[in-house]
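> File name query.cif; file contents mmCIF, C-alpha atoms; full text below.
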```cif
data_final
loop_
_atom_site.label_atom_id
_atom_site.label_comp_id
_atom_site.auth_asym_id
_atom_site.auth_seq_id
_atom_site.Cartn_x
_atom_site.Cartn_y
_atom_site.Cartn_z
CA MET A 1 13.69 -58.24 38.32
CA LYS A 2 15.52 -56.34 41.05
CA PRO A 3 14.74 -52.61 40.96
CA ILE A 4 18.01 -51.30 42.40
CA PRO A 5 20.35 -53.13 39.96
CA PHE A 6 17.93 -52.28 37.13
CA PHE A 7 18.01 -48.55 37.80
CA LEU A 8 21.73 -48.72 38.46
CA GLY A 9 22.16 -50.27 34.99
CA LEU A 10 19.86 -47.64 33.50
CA VAL A 11 21.74 -44.72 35.02
CA ILE A 12 25.20 -46.14 34.30
CA GLY A 13 24.10 -46.93 30.73
CA LEU A 14 22.74 -43.44 30.06
CA PHE A 15 25.74 -41.83 31.68
CA SER A 16 28.19 -43.93 29.63
CA LEU A 17 26.37 -43.31 26.34
CA SER A 18 26.30 -39.59 27.06
CA ILE A 19 30.02 -39.54 27.83
CA VAL A 20 30.68 -41.25 24.48
CA GLY A 21 28.37 -38.72 22.76
CA TRP A 22 30.21 -35.84 24.43
CA SER A 23 33.63 -37.06 23.37
CA ILE A 24 33.00 -38.51 19.91
CA GLN A 25 34.12 -36.65 16.79
CA ASN A 26 32.69 -37.59 13.41
CA THR A 27 36.05 -37.37 11.67
CA PRO A 28 35.08 -39.60 8.70
CA LEU A 29 32.25 -37.18 7.86
CA ALA A 30 34.68 -34.27 8.05
CA GLN A 31 37.34 -35.96 5.94
CA SER A 32 34.99 -36.78 3.07
CA PHE A 33 33.06 -33.53 3.23
CA VAL A 34 32.55 -31.40 0.13
CA ARG A 35 28.98 -30.17 0.68
CA PHE A 36 25.72 -31.37 2.18
CA HIS A 37 23.54 -33.30 -0.22
CA THR A 38 20.41 -35.42 -0.33
CA TYR A 39 21.95 -38.35 1.50
CA ASN A 40 23.82 -36.70 4.34
CA ASN A 41 21.22 -34.22 5.49
CA ALA A 42 17.71 -33.55 6.73
CA GLU A 43 16.09 -35.01 3.63
CA ALA A 44 17.42 -38.41 4.60
CA GLY A 45 16.70 -37.80 8.29
CA PHE A 46 20.35 -37.14 9.12
CA LEU A 47 20.44 -33.99 11.23
CA THR A 48 24.02 -32.77 11.26
CA THR A 49 25.08 -31.43 14.64
CA ALA A 50 26.96 -28.24 15.46
CA ALA A 51 29.79 -30.41 16.79
CA GLU A 52 30.07 -32.07 13.39
CA LEU A 53 30.37 -28.65 11.74
CA ALA A 54 33.14 -27.81 14.21
CA THR A 55 34.90 -31.08 13.38
CA ILE A 56 34.74 -30.30 9.64
CA ILE A 57 36.30 -26.89 10.31
CA ASP A 58 38.98 -28.24 12.63
CA GLN A 59 40.03 -30.88 10.09
CA GLN A 60 41.27 -28.12 7.77
CA PRO A 61 44.83 -26.81 7.98
CA PRO A 62 44.60 -23.32 9.58
CA PRO A 63 44.28 -20.76 6.75
CA ARG A 64 44.65 -16.98 6.78
CA ALA A 65 40.86 -16.83 6.49
CA TYR A 66 37.97 -19.27 6.54
CA ILE A 67 35.32 -18.63 3.89
CA ILE A 68 32.12 -20.14 5.23
CA VAL A 69 29.38 -20.45 2.62
CA GLY A 70 25.85 -20.74 3.96
CA GLY A 71 22.35 -20.23 2.70
CA SER A 72 20.18 -21.93 0.13
CA SER A 73 20.48 -24.56 -2.58
CA VAL A 74 21.78 -21.91 -4.98
CA LEU A 75 25.00 -21.61 -2.97
CA ASN A 76 24.91 -25.32 -2.11
CA GLY A 77 25.48 -25.87 -5.82
CA VAL A 78 22.35 -27.75 -6.82
CA GLY A 79 22.69 -28.02 -10.60
CA GLN A 80 26.41 -28.73 -10.34
CA SER A 81 28.08 -32.06 -9.66
CA ARG A 82 30.21 -32.60 -6.56
CA ASP A 83 33.47 -32.29 -8.49
CA LEU A 84 32.43 -29.13 -10.34
CA VAL A 85 30.61 -27.34 -7.54
CA TRP A 86 31.24 -23.60 -7.57
CA THR A 87 32.86 -23.50 -4.11
CA ARG A 88 35.66 -25.74 -5.39
CA ARG A 89 36.19 -23.22 -8.17
CA LEU A 90 36.22 -20.42 -5.58
CA GLN A 91 38.78 -22.35 -3.54
CA ASN A 92 41.01 -22.72 -6.60
CA LEU A 93 40.74 -19.02 -7.36
CA LEU A 94 41.51 -17.94 -3.80
CA GLY A 95 44.39 -20.35 -3.24
CA LYS A 96 45.87 -21.87 -0.11
CA ASP A 97 45.57 -18.76 2.04
CA PHE A 98 41.84 -19.47 2.27
CA VAL A 99 39.73 -22.47 3.20
CA VAL A 100 36.30 -22.47 1.55
CA LEU A 101 33.66 -24.60 3.28
CA ASN A 102 30.25 -25.04 1.71
CA PHE A 103 27.66 -25.33 4.50
CA ALA A 104 24.72 -24.16 2.38
CA ASN A 105 21.75 -26.51 2.22
CA ARG A 106 18.95 -27.46 -0.09
CA ALA A 107 16.00 -25.42 1.18
CA GLY A 108 18.37 -23.91 3.72
CA GLY A 109 18.84 -20.32 4.76
CA PRO A 110 21.54 -17.96 5.94
CA ILE A 111 20.79 -18.30 9.66
CA ASP A 112 21.33 -22.01 10.06
CA PHE A 113 24.45 -24.09 9.33
CA GLY A 114 26.64 -21.41 7.82
CA SER A 115 25.96 -18.71 10.37
CA VAL A 116 26.48 -21.08 13.29
CA ALA A 117 29.89 -22.06 11.87
CA ALA A 118 30.82 -18.44 11.15
CA GLU A 119 29.75 -17.26 14.60
CA MET A 120 31.69 -20.09 16.23
CA LEU A 121 34.82 -18.94 14.42
CA LEU A 122 34.14 -15.32 15.39
CA ARG A 123 33.76 -16.28 19.03
CA GLN A 124 37.06 -18.11 18.85
CA HIS A 125 38.70 -15.01 17.30
CA ARG A 126 39.54 -16.91 14.13
CA PRO A 127 39.53 -15.10 10.77
CA VAL A 128 36.30 -15.71 8.88
CA ILE A 129 34.21 -14.31 6.07
CA TYR A 130 30.64 -15.49 5.76
CA VAL A 131 29.09 -15.78 2.29
CA ALA A 132 25.31 -16.24 2.23
CA ASP A 133 22.50 -15.62 -0.21
CA ALA A 134 19.21 -13.78 -0.18
CA ASN A 135 16.53 -13.49 -2.78
CA GLU A 136 15.03 -10.19 -3.83
CA THR A 137 12.92 -9.87 -0.69
CA VAL A 138 14.10 -12.40 1.93
CA TYR A 139 17.37 -12.88 3.79
CA ALA A 140 16.81 -14.49 7.19
CA ASN A 141 14.35 -17.37 7.06
CA ASN A 142 11.89 -17.90 9.88
CA PRO A 143 12.93 -20.70 12.29
CA ARG A 144 9.28 -21.75 12.38
CA THR A 145 9.48 -22.85 8.76
CA SER A 146 13.15 -23.85 8.60
CA PHE A 147 14.14 -27.47 8.05
CA TYR A 148 17.39 -26.77 9.84
CA ARG A 149 16.28 -24.90 12.96
CA HIS A 150 17.84 -27.61 15.13
CA MET A 151 21.25 -26.17 14.24
CA LEU A 152 20.35 -22.79 15.68
CA PHE A 153 19.41 -24.35 19.04
CA ASP A 154 22.35 -26.76 19.00
CA GLY A 155 24.80 -23.94 18.29
CA TRP A 156 23.24 -21.73 20.95
CA LEU A 157 23.30 -24.42 23.63
CA ARG A 158 26.94 -25.17 22.80
CA SER A 159 27.75 -21.44 23.16
CA TYR A 160 28.90 -21.27 19.55
CA LEU A 161 26.66 -18.27 18.84
CA LEU A 162 27.54 -14.66 19.48
CA PRO A 163 25.52 -12.93 22.19
CA TRP A 164 22.59 -11.18 20.47
CA PRO A 165 19.79 -10.24 22.87
CA PRO A 166 16.78 -10.40 20.47
CA ARG A 167 17.78 -13.85 19.28
CA ASP A 168 18.81 -15.06 22.73
CA ALA A 169 15.39 -14.08 24.06
CA TYR A 170 13.68 -16.04 21.27
CA LEU A 171 15.81 -19.13 21.80
CA ARG A 172 15.42 -18.98 25.58
CA TRP A 173 11.63 -19.06 25.38
CA ALA A 174 11.26 -21.22 22.26
CA ALA A 175 10.22 -24.22 24.35
CA PHE A 176 6.94 -22.32 24.83
CA ASP A 177 6.59 -21.22 21.20
CA GLY A 178 3.20 -21.43 19.52
CA ALA A 179 4.57 -23.71 16.81
CA GLU A 180 4.83 -27.34 17.86
CA GLY A 181 7.82 -27.96 15.61
CA VAL A 182 9.81 -25.22 17.33
CA ARG A 183 8.83 -26.45 20.80
CA ASN A 184 9.91 -29.99 19.96
CA VAL A 185 13.26 -28.95 18.57
CA ALA A 186 13.92 -26.59 21.51
CA LEU A 187 13.20 -29.32 24.04
CA GLY A 188 14.98 -32.01 22.06
CA GLU A 189 18.13 -29.96 21.70
CA TRP A 190 18.00 -29.03 25.38
CA LEU A 191 17.88 -32.72 26.31
CA ASN A 192 20.65 -33.41 23.82
CA SER A 193 22.83 -30.80 25.47
CA PHE A 194 23.06 -33.22 28.42
CA LEU A 195 22.66 -36.67 26.90
CA ARG A 196 24.36 -36.12 23.51
CA PHE A 197 22.29 -38.74 21.73
CA ASN A 198 22.44 -36.90 18.38
CA GLU A 199 26.24 -36.93 18.31
CA LEU A 200 26.52 -40.63 19.21
CA TRP A 201 23.79 -42.03 16.95
CA ASN A 202 24.74 -39.76 14.04
CA TYR A 203 28.23 -41.22 14.29
CA ILE A 204 26.89 -44.77 14.23
CA THR A 205 24.48 -43.95 11.39
CA PHE A 206 27.19 -42.34 9.31
CA ASN A 207 29.91 -44.90 9.87
CA PHE A 208 28.41 -48.27 10.72
CA VAL A 209 24.72 -48.83 10.17
CA GLY A 210 21.92 -46.68 8.77
CA LEU A 211 19.35 -46.03 11.46
CA GLN A 212 16.98 -43.88 9.43
CA TRP A 213 13.90 -45.28 7.86
CA ASN A 214 11.90 -42.95 5.68
CA ASN A 215 10.67 -42.74 2.10
CA MET A 216 14.10 -41.88 0.76
CA MET A 217 15.78 -44.74 2.51
CA THR A 218 13.53 -47.58 1.39
CA ALA A 219 16.13 -49.13 -0.89
CA LYS A 220 19.08 -48.31 1.31
CA SER A 221 18.04 -49.01 4.87
CA PHE A 222 20.87 -50.09 7.14
CA SER A 223 23.72 -49.06 4.84
CA PRO A 224 25.89 -46.44 6.57
CA PHE A 225 25.55 -42.92 5.24
CA ARG A 226 29.24 -42.67 4.36
CA ARG A 227 28.55 -45.06 1.48
CA ARG A 228 25.90 -42.79 -0.01
CA SER A 229 27.47 -40.56 -2.58
CA ASP A 230 26.47 -37.07 -3.63
CA PRO A 231 23.80 -37.54 -6.33
CA GLY A 232 24.52 -34.21 -8.06
CA ALA A 233 23.94 -34.61 -11.79
CA SER A 234 26.77 -34.44 -14.31
CA PRO A 235 26.94 -31.32 -16.52
CA GLU A 236 25.79 -33.37 -19.53
CA VAL A 237 22.67 -34.59 -17.74
CA SER A 238 21.95 -31.11 -16.36
CA ARG A 239 22.21 -29.62 -19.84
CA THR A 240 19.82 -32.10 -21.42
CA THR A 241 17.22 -31.97 -18.65
CA ARG A 242 17.10 -28.27 -17.87
CA TYR A 243 14.03 -26.24 -18.70
CA THR A 244 12.07 -29.41 -19.43
CA GLY A 245 9.66 -29.06 -16.49
CA ASN A 246 6.16 -27.63 -16.51
CA ASN A 247 6.71 -24.31 -18.26
CA ASP A 248 3.39 -22.77 -17.18
CA ALA A 249 4.01 -23.57 -13.53
CA GLU A 250 7.54 -22.16 -13.68
CA LEU A 251 6.32 -18.99 -15.40
CA ALA A 252 3.61 -18.54 -12.78
CA THR A 253 6.24 -18.80 -10.04
CA VAL A 254 8.50 -16.33 -11.81
CA ALA A 255 5.62 -13.87 -12.29
CA SER A 256 4.69 -14.17 -8.63
CA GLN A 257 8.27 -13.68 -7.47
CA ALA A 258 8.84 -10.68 -9.75
CA GLY A 259 5.69 -9.06 -8.38
CA ARG A 260 6.30 -9.58 -4.68
CA PRO A 261 5.36 -6.56 -2.62
CA ILE A 262 7.81 -4.43 -0.67
CA GLU A 263 6.03 -5.45 2.56
CA ARG A 264 7.59 -8.89 2.22
CA MET A 265 11.04 -7.35 2.25
CA ILE A 266 10.17 -5.24 5.29
CA ALA A 267 8.85 -8.28 7.19
CA SER A 268 11.97 -10.22 6.32
CA ALA A 269 14.20 -7.32 7.43
CA SER A 270 12.73 -7.53 10.93
CA LEU A 271 13.66 -11.23 11.06
CA THR A 272 17.16 -10.35 9.94
CA GLU A 273 17.41 -7.74 12.69
CA GLN A 274 16.27 -10.32 15.21
CA PHE A 275 18.46 -13.24 14.18
CA VAL A 276 21.66 -11.80 12.69
CA PRO A 277 24.11 -10.17 15.13
CA LEU A 278 25.80 -6.98 13.97
CA GLN A 279 29.23 -8.55 14.33
CA LEU A 280 28.24 -11.33 11.92
CA ARG A 281 26.83 -8.81 9.44
CA SER A 282 30.14 -6.96 9.48
CA ILE A 283 31.97 -9.99 8.02
CA THR A 284 29.16 -11.15 5.70
CA LEU A 285 29.11 -11.00 1.93
CA VAL A 286 25.54 -11.37 0.71
CA VAL A 287 24.74 -12.67 -2.76
CA VAL A 288 21.29 -11.66 -3.98
CA ASP A 289 19.97 -14.44 -6.23
CA LEU A 290 18.03 -13.81 -9.40
CA LEU A 291 16.08 -16.09 -11.73
CA SER A 292 16.96 -17.62 -15.06
CA PRO A 293 16.61 -15.30 -18.09
CA TYR A 294 15.10 -18.29 -19.87
CA TYR A 295 11.85 -17.58 -18.00
CA LEU A 296 12.31 -13.85 -17.40
CA ASP A 297 12.56 -13.23 -21.14
CA LEU A 298 9.21 -14.95 -21.64
CA LEU A 299 7.51 -12.50 -19.27
CA PRO A 300 7.94 -8.92 -20.48
CA GLY A 301 8.89 -6.57 -17.67
CA SER A 302 9.67 -9.31 -15.15
CA ARG A 303 13.43 -9.01 -15.50
CA GLU A 304 13.34 -5.28 -14.78
CA ALA A 305 10.91 -5.72 -11.88
CA LEU A 306 13.03 -8.46 -10.30
CA LEU A 307 16.26 -6.54 -10.71
CA ALA A 308 14.68 -3.38 -9.28
CA ARG A 309 13.52 -5.27 -6.19
CA ALA A 310 16.91 -7.01 -5.88
CA THR A 311 18.62 -3.60 -6.02
CA GLU A 312 16.30 -2.33 -3.27
CA GLN A 313 17.19 -5.41 -1.25
CA GLN A 314 20.88 -4.70 -1.83
CA THR A 315 20.54 -1.11 -0.60
CA ALA A 316 18.45 -2.12 2.42
CA MET A 317 20.92 -4.83 3.46
CA GLN A 318 23.89 -2.53 3.15
CA LYS A 319 22.09 -0.08 5.44
CA MET A 320 21.61 -2.93 7.93
CA GLY A 321 25.36 -3.27 8.27
CA PHE A 322 26.24 -6.16 5.96
CA ASN A 323 29.81 -5.82 4.77
CA LYS A 324 29.06 -6.30 1.08
CA VAL A 325 25.94 -7.10 -0.93
CA MET A 326 26.30 -8.26 -4.53
CA ILE A 327 24.04 -9.23 -7.41
CA PRO A 328 26.53 -11.29 -9.42
CA ALA A 329 23.88 -12.87 -11.68
CA LYS A 330 22.86 -9.53 -13.24
CA ASP A 331 24.43 -10.41 -16.56
CA PHE A 332 24.00 -14.19 -16.48
CA THR A 333 22.39 -15.92 -19.45
CA ALA A 334 19.99 -18.87 -19.64
CA ASP A 335 23.00 -21.16 -20.12
CA ASP A 336 24.32 -20.11 -16.72
CA TYR A 337 21.30 -21.65 -15.02
CA ALA A 338 20.46 -25.31 -14.53
CA ASP A 339 16.79 -24.51 -13.89
CA ARG A 340 14.69 -21.56 -12.74
CA VAL A 341 16.92 -20.65 -9.80
CA HIS A 342 19.99 -22.88 -9.63
CA LEU A 343 23.21 -22.21 -11.47
CA SER A 344 24.81 -24.53 -13.97
CA VAL A 345 28.54 -25.30 -13.84
CA GLU A 346 29.14 -22.35 -16.15
CA GLY A 347 27.06 -20.08 -13.91
CA GLY A 348 28.83 -21.39 -10.82
CA ASP A 349 32.20 -20.64 -12.41
CA LYS A 350 31.04 -17.11 -13.23
CA MET A 351 29.83 -16.57 -9.67
CA ALA A 352 33.11 -17.84 -8.21
CA ALA A 353 35.02 -15.51 -10.55
CA ALA A 354 32.84 -12.57 -9.47
CA LEU A 355 33.15 -13.32 -5.76
CA ALA A 356 36.86 -14.18 -5.52
CA PRO A 357 38.25 -10.62 -5.83
CA VAL A 358 35.57 -9.29 -3.48
CA VAL A 359 36.38 -11.93 -0.88
CA ARG A 360 40.08 -11.21 -1.19
CA GLN A 361 39.44 -7.47 -0.76
CA MET A 362 37.23 -8.12 2.28
CA ALA A 363 39.92 -10.31 3.82
CA SER A 364 42.43 -7.54 3.28
CA ASP A 365 40.09 -4.87 4.71
CA LEU A 366 39.37 -7.03 7.74
CA GLY A 367 43.10 -7.37 8.38
CA TYR A 368 43.28 -11.12 7.73
CA LEU A 369 46.08 -10.89 5.16
CA ARG A 370 48.52 -8.87 7.24
CA MET B 1 20.22 -64.09 43.68
CA THR B 2 23.41 -62.72 42.15
CA LEU B 3 22.25 -63.94 38.75
CA ARG B 4 18.95 -62.08 39.13
CA ARG B 5 20.80 -58.91 40.11
CA ALA B 6 23.13 -59.25 37.13
CA PHE B 7 20.17 -59.82 34.84
CA SER B 8 18.41 -56.73 36.21
CA PHE B 9 21.54 -54.66 35.78
CA TRP B 10 21.95 -55.77 32.15
CA ALA B 11 18.25 -55.16 31.51
CA GLY B 12 18.73 -51.61 32.84
CA LEU B 13 21.68 -51.13 30.50
CA ALA B 14 19.63 -52.40 27.54
CA VAL B 15 16.77 -50.03 28.38
CA ALA B 16 19.27 -47.17 28.58
CA VAL B 17 20.48 -47.94 25.05
CA VAL B 18 16.93 -48.14 23.69
CA PHE B 19 15.92 -44.94 25.51
CA HIS B 20 19.00 -43.06 24.28
CA TYR B 21 18.32 -44.18 20.71
CA ALA B 22 14.60 -43.39 21.04
CA LEU B 23 15.46 -39.80 21.98
CA TYR B 24 17.54 -39.57 18.82
CA ARG B 25 14.73 -40.93 16.69
CA ILE B 26 12.13 -38.67 18.28
CA ALA B 27 14.32 -35.71 17.36
CA GLN B 28 14.05 -36.60 13.66
CA PRO B 29 11.49 -34.64 11.62
CA VAL B 30 8.04 -36.15 11.69
CA THR B 31 6.88 -34.35 8.59
CA PRO B 32 8.71 -35.28 5.40
CA PHE B 33 11.22 -32.92 3.94
CA ILE B 34 9.55 -31.04 1.12
CA TYR B 35 11.82 -29.25 -1.23
CA VAL B 36 10.88 -25.60 -1.49
CA VAL B 37 12.66 -22.47 -2.59
CA PHE B 38 11.76 -19.64 -0.28
#
```
What is this file in structure tokens?

Amino acid sequence: MKPIPFFLGLVIGLFSLSIVGWSIQNTPLAQSFVRFHTYNNAEAGFLTTAAELATIIDQQPPPRAYIIVGGSSVLNGVGQSRDLVWTRRLQNLLGKDFVVLNFANRAGGPIDFGSVAAEMLLRQHRPVIYVADANETVYANNPRTSFYRHMLFDGWLRSYLLPWPPRDAYLRWAAFDGAEGVRNVALGEWLNSFLRFNELWNYITFNFVGLQWNNMMTAKSFSPFRRRSDPGASPEVSRTTRYTGNNDAELATVASQAGRPIERMIASASLTEQFVPLQLRSITLVVVDLLSPYYLDLLPGSREALLARATEQQTAMQKMGFNKVMIPAKDFTADDYADRVHLSVEGGDKMAAALAPVVRQMASDLGYLR
Amino acid sequence: MTLRRAFSFWAGLAVAVVFHYALYRIAQPVTPFIYVVF
């Protein structure tokens, strides 16, 4: 083995792979995109990159306003099938002037995929409204516990994020964070900002050969991710299986959530202040999620307690500068839910119908429809 | 001699591919995704 040709090959190889990673666009992912699901996301070990989000956005014909949906599984549409997901209903209601993109994730939060996409559009002076959800005490989720924190670092290193000193300071020093998971992601994304391995190997994994091996992939190793369809259950299946879980466990969770102390909301508000720039808040419509009346009605007083805390959350978030904060599920029934927290197709349709006029009004107020 | 150089060069390229892919794999979550709601 000759050392000079070896290292020459190594350097040329790394350089070439990085160039490909820098220039590649995962167009097939963008063209087939409806929402993130079990098989094209972190659960399957597929960590979508900020560049892939940008490709999904750029594949759309330029609208008068982009409606970026971010946040948790409630807005992702868990409980609804791909074809009947609530964001498709919202798109139909809003019409061709708007492009609705569902970047919410299972176990996701409002400061990962959706906010990175919305901030990127803001930085590019493109018209955008961000729709994200909170529960009755929490809006911004802590990056230390987020499954999607890589997106925050990726977006920041790509200069997609708006300047926001408290967040910039956190991201700048995250490589020295006390939590190992944060340190690893910070360093990994920093390396990726030069070598672009995530972009290249995600492209290969999605289009040619599965390169993820984990518990979920045991029966499907090596098949490209583009062949893995959204496993969202049909409305018939959802209807027959809902509320069939462990009732006692669900009721205990509901009781705990309805009795959460105000301190939790205050702690979460400081995270929101740290991670959500004012400019993003000014174009954000927040949906405060509630729980299914199926369980709330079994616990006397829980409905009122939850709604009271959700209303406090609404007031607090409006004071923090969010454009609009809604509780659309106030009057939803047990049939509007697919389980304790997620909406059924009927519930999704109701939410889309409640949000559409508000989104249209926001777009008008923000000057997007002129 | 030329053959040895060519072999070394190709070995370097192969290591670059493995290293690049290894960085991608290392970036994947070590702990399994556990579905939680808040």
> Work out how far atom CA of Trp10 of chain B is from atom CA of Gly9 of chain A, in Å to one decimal.
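Separation of atom CA of Gly9 of chain A and atom CA of Trp10 of chain B: 6.2 Å.
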> State, in Å with one decimal place, the distance from atom CA of Arg149 of chain A to atom CA of Val182 of chain A.
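The value is 7.8 Å.
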> Can you write out as JSON lines which residues of chain A fall within 7 Å of chain B, alongside each residue's closest atom pair and its distance in Å to one decimal, counting all atoms listed in the file and ordering rows by chain and ascending residue number?

```
{"residue": "A:Met1", "atom": "CA", "partner": "B:Ser8", "partner_atom": "CA", "distance": 5.4}
{"residue": "A:Lys2", "atom": "CA", "partner": "B:Ser8", "partner_atom": "CA", "distance": 5.7}
{"residue": "A:Pro5", "atom": "CA", "partner": "B:Phe9", "partner_atom": "CA", "distance": 4.6}
{"residue": "A:Phe6", "atom": "CA", "partner": "B:Gly12", "partner_atom": "CA", "distance": 4.4}
{"residue": "A:Phe7", "atom": "CA", "partner": "B:Gly12", "partner_atom": "CA", "distance": 5.9}
{"residue": "A:Leu8", "atom": "CA", "partner": "B:Phe9", "partner_atom": "CA", "distance": 6.5}
{"residue": "A:Gly9", "atom": "CA", "partner": "B:Gly12", "partner_atom": "CA", "distance": 4.3}
{"residue": "A:Leu10", "atom": "CA", "partner": "B:Gly12", "partner_atom": "CA", "distance": 4.2}
{"residue": "A:Gly13", "atom": "CA", "partner": "B:Leu13", "partner_atom": "CA", "distance": 4.9}
{"residue": "A:Leu14", "atom": "CA", "partner": "B:Ala16", "partner_atom": "CA", "distance": 5.3}
{"residue": "A:Glu43", "atom": "CA", "partner": "B:Phe33", "partner_atom": "CA", "distance": 5.3}
{"residue": "A:Gly45", "atom": "CA", "partner": "B:Gln28", "partner_atom": "CA", "distance": 6.1}
{"residue": "A:Ala107", "atom": "CA", "partner": "B:Val36", "partner_atom": "CA", "distance": 5.8}
{"residue": "A:Val185", "atom": "CA", "partner": "B:Ala27", "partner_atom": "CA", "distance": 6.9}
{"residue": "A:Gly188", "atom": "CA", "partner": "B:Ala27", "partner_atom": "CA", "distance": 6.0}
{"residue": "A:Phe197", "atom": "CA", "partner": "B:Tyr24", "partner_atom": "CA", "distance": 5.6}
{"residue": "A:Asn198", "atom": "CA", "partner": "B:Tyr24", "partner_atom": "CA", "distance": 5.6}
{"residue": "A:Trp201", "atom": "CA", "partner": "B:Tyr24", "partner_atom": "CA", "distance": 7.0}
```
> Enter the distance from atom CA of Leu161 of chain A to atom CA of Ala352 of chain A, in Å, rounded to one decimal.
27.8 Å
> Would you list the residues near (35.5, -12.0, 16.7) (no more than 12 Å away, in the coordinates of the file, using all atoms listed in the file) as a PyMOL selection string?
chain A and resi 118-129+160-163+277-283+366+368
> Could the residues in this selection be written to a file with C-alpha atoms, as a PDB file, in the frame of the given file?

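The result, written out as selection-v1.pdb:
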```pdb
ATOM      1  CA  ALA A 118      30.820 -18.440  11.150  1.00  0.00           C
ATOM      2  CA  GLU A 119      29.750 -17.260  14.600  1.00  0.00           C
ATOM      3  CA  MET A 120      31.690 -20.090  16.230  1.00  0.00           C
ATOM      4  CA  LEU A 121      34.820 -18.940  14.420  1.00  0.00           C
ATOM      5  CA  LEU A 122      34.140 -15.320  15.390  1.00  0.00           C
ATOM      6  CA  ARG A 123      33.760 -16.280  19.030  1.00  0.00           C
ATOM      7  CA  GLN A 124      37.060 -18.110  18.850  1.00  0.00           C
ATOM      8  CA  HIS A 125      38.700 -15.010  17.300  1.00  0.00           C
ATOM      9  CA  ARG A 126      39.540 -16.910  14.130  1.00  0.00           C
ATOM     10  CA  PRO A 127      39.530 -15.100  10.770  1.00  0.00           C
ATOM     11  CA  VAL A 128      36.300 -15.710   8.880  1.00  0.00           C
ATOM     12  CA  ILE A 129      34.210 -14.310   6.070  1.00  0.00           C
ATOM     13  CA  TYR A 160      28.900 -21.270  19.550  1.00  0.00           C
ATOM     14  CA  LEU A 161      26.660 -18.270  18.840  1.00  0.00           C
ATOM     15  CA  LEU A 162      27.540 -14.660  19.480  1.00  0.00           C
ATOM     16  CA  PRO A 163      25.520 -12.930  22.190  1.00  0.00           C
ATOM     17  CA  PRO A 277      24.110 -10.170  15.130  1.00  0.00           C
ATOM     18  CA  LEU A 278      25.800  -6.980  13.970  1.00  0.00           C
ATOM     19  CA  GLN A 279      29.230  -8.550  14.330  1.00  0.00           C
ATOM     20  CA  LEU A 280      28.240 -11.330  11.920  1.00  0.00           C
ATOM     21  CA  ARG A 281      26.830  -8.810   9.440  1.00  0.00           C
ATOM     22  CA  SER A 282      30.140  -6.960   9.480  1.00  0.00           C
ATOM     23  CA  ILE A 283      31.970  -9.990   8.020  1.00  0.00           C
ATOM     24  CA  LEU A 366      39.370  -7.030   7.740  1.00  0.00           C
ATOM     25  CA  TYR A 368      43.280 -11.120   7.730  1.00  0.00           C
TER      26      TYR A 368
END
```
> Hey, what's within 9 Å of segment 168-177 of chain A if we count all atoms listed in the file and toss same-chain stuff fewer than 2 positions away? As a PyMOL selection string, please?
chain A and resi 152-153+156+163-166+179-187+274-275
> Report as a list in words all protein, DNA and RNA residues lying within 8 Å of Gln31 of chain A, evaluated on all atoms listed in the file, omitting residues in the same chain fewer than 4 positions from it.
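Counting all atoms listed in the file, the residues come to Thr27, Ile56 and Gln59 of chain A.
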> Can you translate the PyMOL selection byres ((chain A and resi 289) around 7) into the concrete residues it hits in this file, as a ChimeraX atom specification?
/A:133-136,287-288,290-291,327,329
> Measuring atom to atom with only C-alpha atoms, identify which of A:Pro293, A:Pro224, A:Pro328, A:Gly155 is nearest to Ala54 of chain A.
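Among the listed residues, the smallest separation from Ala54 of chain A belongs to A:Gly155.
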> Under the PyMOL selection byres ((chain A and resi 337) around 12), which residues of this model are included? Write them out as a PyMOL selection string.
chain A and resi 74+77-80+235+238-239+241-243+289-295+329+331-336+338-351
> Starting from the displayed file, determine the output of the PyMOL selection byres ((chain A and resi 88-92) around 12) and express the residue list as a ChimeraX atom specification.
/A:33-35,63,65-69,75-77,80-87,93-102,131,345-360
> Could you pull out every residue with an atom within 10 Å of (14.1, -6.3, 7.8), file coordinates, counting all atoms listed in the file, and send them as a VMD selection string?
chain A and resid 137 to 140 263 to 274 313 316 to 317 320
> Please provide as a VMD selection string all residues within 12 Å of segment 203-205 of chain A, with the sequence filter that same-chain residues fewer than 2 positions apart are discarded (counting all atoms listed in the file).
(chain A and resid 20 to 30 39 to 41 44 to 49 51 to 52 196 to 201 207 to 213 221 to 228) or (chain B and resid 21 24 to 25)
> Find the axis-aligned box for segment 192-201 of chain A, covering all its listed atoms and adding 6 Å on each side, and write its centre and edge lengths in Å to one decimal as lines of an AutoDock Vina configuration file.

```
center_x = 23.6
center_y = -36.4
center_z = 22.7
size_x = 17.9
size_y = 23.2
size_z = 23.5
```
